[in-house]
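Since the structure comes first, as C-alpha cells, the remarks are kept for the end.
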2 protein chains.
Amino acid sequence: VPAVTPHGRSRGFIVPIGGAEDKTRELKILHRFAALCGRRPRIVIIPTASRKEDTGKIYQDIFLAMDALEAPVLAFNDRSDCEEEFALQILSDCDGVFITGGNQLRLSTTLGGTSVAKLLRKRNAEGLPIGGTSAGAAIMPEHMISSGDEGPTPRAGMVTLAPGLGFSNKIMIDQHFSQRDRLGRLLAALALNPFAVGLGIDEDTAAFIGPDNVLQVEGSGSVTIIDPAHTSLSSVPDAERGQPIHFTDLRLHLLAAGGRFDLEARKALL
Amino acid sequence: VPAVTPHGRSRGFIVPIGGAEDKTRELKILHRFAALCGRRPRIVIIPTASRKEDTGKIYQDIFLAMDALEAPVLAFNDRSDCEEEFALQILSDCDGVFITGGNQLRLSTTLGGTSVAKLLRKRNAEGLPIGGTSAGAAIMPEHMISSGDEGPTPRAGMVTLAPGLGFSNKIMIDQHFSQRDRLGRLLAALALNPFAVGLGIDEDTAAFIGPDNVLQVEGSGSVTIIDPAHTSLSSVPDAERGQPIHFTDLRLHLLAAGGRFDLEARKALL
C-alpha cells in the first residue's frame, strides 16, 4: 500500500518515462520533469539499475545545465548503502528524485524495503516529484513487471512480476513498449493483477501523473492504456505455460503528447 | 454492401486464417474448414494472390487427402479470366471456396468488381463457406488493409486501405498479427473505419465466423478483437503523417482456441 498523504498536502508527481528519452535536442521530458521540482532545485539521481559507470553523471550534467542547484548521484550498490544516514539526509532535503534505467530487478532487490525506499514513498506522498526512465519507470508501481517475453499475444507464464517501490497501486508499467513489442506481457501482467491500469510507455515518451491521478502524455511516442476493470473472462488460471489466454472486455486507449487520462475515473479526457 | 441473404437461407461461414496454418501435422483449421463444406465436397482453390506456381496444388493435395471429391484450382491471372463462363460454372457448383495467401492487392485488383467477385458474394450470402489465409483473409471484408507499417503504436498515415471482396462489412482483418507486429496498423485502420470490429489474427489461427455472426477461434495463436464502437476521441483528422494518434475508449478482447465473440452484440461469450 502506498504511503499515506498527510492531510492538507498533495502527493508529488510520478513521472514514468519509457526509456531512451531525448537527451540532446529539446529534452522536452527532462525539462518538464525538472520544472516540476521548482526553481534551482536539488534533484537526486539514483543510478542503481545501471551497470554503466557514467549513467549518473549523464543526468547530473543534464540537470545542472538546466539550472538545478545540485544534482547529487546516490549510487546505492547494496542494501546496506540504503541505510546510510548521509544518503537519507540528502533525500530528505532534495526537491526531486530521478531514477535511471538499467535492470529493474537490481533496483528492487537493492532498494526494496530499505530506509531509502520508505523515505522515497513518504516524501512522494508528501509532494516530492519522482521521475524514472525504463527500469526507473517499471519500479514505480506496487507490482512491477520484472521480465517477460516479447510479442503482442498474451500467453500464460510469459511475464514475471516482483514487488516495486509502490508509489502507486493504481498502475502497472511497461516501458520501451512499442520498440520491444511488449503488449502481450503487459496484458499477461494485467491478467495477474486486474486491479491496476496498465500503462505501456513508448521510448522518448512519459506519463506525467499528477497529484490528482490525472496523467498527461509528453514526448514523441504513445502511451497505451489498458483498463481491465470490466474484464469478465480470463483463462489464466487454467492455461498451460506458453498457451495464449482469453482476456476480454478490456478498455484500450492510445494517447500521444497532450493526451490526458484520469486514473481515478478511468477515463480519457479531451 | 454485402449481398443480401435470401429469405429462409443463412449466410455461409467466413473463415479468415492468419496465415501459416498447420499443413503437415493435425491440420486442425483446414480440417474444420473442409468439414463445413459437407461430405465429399467440391472445394475450389483460388491462388490468385500468390506468385508461386505450386500454391494451388498444395491446397488441392490437402483437400483431396481429406476426402474432398474435387479440389479444382482456378488461377485467375487477370480480370478477363474472371468473366470466363467455365470458371463461373465451377464456382456455381462447388461446396466451398478457399483463397490462398500472397498479395491481397493482387487479389483485389484482379477479382474486384468482376463476375467472379459478384458470384462469390452471392453464393456466400446463400450459404457457401469461404475460407482464406493471409491475403485470402485480408480480402474478405468490405474495407481491406492493403499495406502498412509495423509496430504497436498507431500513427497517422501508417496504413493503406483498399476495397475488399465485401463478404462482411462488420469486420476489418489483419493477419500474421503477432508475428508481424501489426497492432498499430489495425488500430490506424479502425481509426479510419470505426464502424467495423477489428480482427487481428495470428498465424496458424482462424476465426470461424458463422451465419449468426458469432466467431469462434481455432488454432495455436490468438485473435485480437478491437471494437471501436464506443470511441470518443480520435486525432486522426488532425495528425500529421507519422505522428502517433489519440484513439480512446476501445474495447479489447483476446481470444484463444475455443473463445467466441458475437459480432452483432459485440460481446465475448463464455
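Starting from 1 in every chain, residues are counted up; chains themselves are A, B, ... following the order of the C-alpha cells, and ligands are numbered from 1 as listed.
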Would you list the contacts of Ser50 (chain B) as a PyMOL selection string, taking every protein, DNA or RNA residue within 7 Å and counting only C-alpha atoms, but skipping same-chain residues closer than 3 positions in sequence? chain B and resi 47+55+101-103
Excluding region 249-257 of chain B and any residue of its chain fewer than 4 positions from it, enumerate the residues within 6 Å of it, using only C-alpha atoms, and give them as a list in words.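 After dropping sequence-adjacent residues, the list is Pro244, Ile245, His246, Phe247, Thr248, Asp249, Leu250, Arg251, Leu252 and His253 of chain A; Val217, Glu218, Gly219, Ser222, Val223, Thr224, Ile225, Ile226, Asp227, Pro228, His230 and Thr231 of chain B.
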Could you write out the selected residues, including N, CA and C atoms, as a short mmCIF file (atom, residue, chain, number, x, y, z; two decimals), in the first residue's frame?
```cif
data_model
loop_
_atom_site.label_atom_id
_atom_site.label_comp_id
_atom_site.auth_asym_id
_atom_site.auth_seq_id
_atom_site.Cartn_x
_atom_site.Cartn_y
_atom_site.Cartn_z
N PRO A 244 -1.71 -19.30 -25.43
CA PRO A 244 -2.39 -18.00 -25.43
C PRO A 244 -3.60 -18.03 -24.51
N ILE A 245 -3.91 -16.91 -23.91
CA ILE A 245 -5.02 -16.85 -22.95
C ILE A 245 -6.19 -16.05 -23.52
N HIS A 246 -7.39 -16.36 -23.02
CA HIS A 246 -8.53 -15.47 -23.23
C HIS A 246 -8.43 -14.31 -22.24
N PHE A 247 -8.81 -13.13 -22.69
CA PHE A 247 -8.80 -11.98 -21.79
C PHE A 247 -9.72 -10.96 -22.46
N THR A 248 -10.90 -10.74 -21.89
CA THR A 248 -11.93 -10.00 -22.64
C THR A 248 -12.39 -8.74 -21.92
N ASP A 249 -13.07 -7.90 -22.68
CA ASP A 249 -13.73 -6.70 -22.15
C ASP A 249 -12.75 -5.72 -21.52
N LEU A 250 -11.59 -5.62 -22.13
CA LEU A 250 -10.63 -4.61 -21.71
C LEU A 250 -10.95 -3.29 -22.41
N ARG A 251 -10.65 -2.19 -21.72
CA ARG A 251 -10.74 -0.88 -22.37
C ARG A 251 -9.33 -0.48 -22.80
N LEU A 252 -9.25 0.03 -24.00
CA LEU A 252 -7.94 0.38 -24.58
C LEU A 252 -7.95 1.84 -25.02
N HIS A 253 -6.91 2.54 -24.64
CA HIS A 253 -6.77 3.95 -25.02
C HIS A 253 -5.34 4.18 -25.49
N VAL B 217 -12.72 -19.09 -32.27
CA VAL B 217 -11.30 -19.16 -32.60
C VAL B 217 -10.85 -20.61 -32.65
N GLU B 218 -10.00 -20.91 -33.63
CA GLU B 218 -9.37 -22.23 -33.77
C GLU B 218 -7.89 -22.01 -34.04
N GLY B 219 -7.04 -22.91 -33.57
CA GLY B 219 -5.62 -22.83 -33.88
C GLY B 219 -4.76 -22.51 -32.68
N SER B 222 -3.78 -16.45 -31.11
CA SER B 222 -4.90 -15.65 -30.61
C SER B 222 -5.56 -14.88 -31.74
N VAL B 223 -6.81 -14.51 -31.48
CA VAL B 223 -7.44 -13.46 -32.25
C VAL B 223 -7.61 -12.25 -31.33
N THR B 224 -7.07 -11.13 -31.74
CA THR B 224 -7.19 -9.88 -31.00
C THR B 224 -8.35 -9.11 -31.60
N ILE B 225 -9.35 -8.83 -30.77
CA ILE B 225 -10.57 -8.19 -31.26
C ILE B 225 -10.61 -6.76 -30.70
N ILE B 226 -10.73 -5.79 -31.60
CA ILE B 226 -10.78 -4.39 -31.17
C ILE B 226 -12.08 -3.78 -31.67
N ASP B 227 -12.87 -3.30 -30.71
CA ASP B 227 -14.19 -2.76 -31.02
C ASP B 227 -14.17 -1.25 -30.75
N PRO B 228 -14.21 -0.47 -31.83
CA PRO B 228 -14.13 0.98 -31.65
C PRO B 228 -15.51 1.65 -31.52
N HIS B 230 -17.37 2.49 -29.23
CA HIS B 230 -17.56 3.47 -28.16
C HIS B 230 -16.49 4.54 -28.16
N THR B 231 -15.69 4.59 -29.21
CA THR B 231 -14.59 5.56 -29.20
C THR B 231 -15.15 6.97 -29.14
#
```
Just list as JSON, numbers by chain whatever in region 5-242 of chain B DSSP marks as strand (DSSP E or B). {"B": [14, 15, 16, 17, 42, 43, 44, 45, 46, 70, 73, 96, 97, 98, 99, 130, 131, 132, 133, 141, 143, 144, 145, 146, 147, 148, 155, 159, 160, 161, 162, 163, 168, 171, 172, 173, 174, 175, 197, 198, 199, 200, 201, 205, 206, 207, 208, 209, 214, 215, 216, 217, 218, 219, 223, 224, 225, 226, 227, 234]}
Per DSSP on the backbone, filter region 12-151 of chain A down to the residues in helix (DSSP H, G or I) and report them as a count of residues only. 58
One decimal place gives the CA of Ile99 (chain B)-CA of Glu26 (chain B) separation as 20.3 Å
With a distance cut-off of 12 Å and only C-alpha atoms, select the neighbouring residues of Arg11 (chain A), excluding the residue or stretch itself and same-chain residues fewer than 2 positions from it, and output the selection as a ChimeraX atom specification. /A:2-9,13-14,120-130,167-168,209-213
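For the residues B:Phe208, B:Phe76, B:Phe195, B:Phe177, ranking by smallest atom-to-atom distance to chain A using only C-alpha atoms places B:Phe177 first.
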Distance query region 64-68 of chain B at most 7 Å, only C-alpha atoms, self and fewer than 4 positions along chain excluded, as an NGL selection string: :B and (40-42 or 60)
Let's have the selection written as an mmCIF file, in the first residue's frame, with C-alpha atoms.
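So the final result, stored in part_26.cif, reads:
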```
data_model
loop_
_atom_site.group_PDB
_atom_site.id
_atom_site.type_symbol
_atom_site.label_atom_id
_atom_site.label_comp_id
_atom_site.auth_asym_id
_atom_site.auth_seq_id
_atom_site.Cartn_x
_atom_site.Cartn_y
_atom_site.Cartn_z
ATOM 1 C CA ARG B 40 -17.183 -35.392 -50.245
ATOM 2 C CA PRO B 41 -17.219 -31.672 -51.061
ATOM 3 C CA ARG B 42 -16.015 -29.836 -54.120
ATOM 4 C CA GLN B 60 -5.528 -29.270 -53.719
#
```
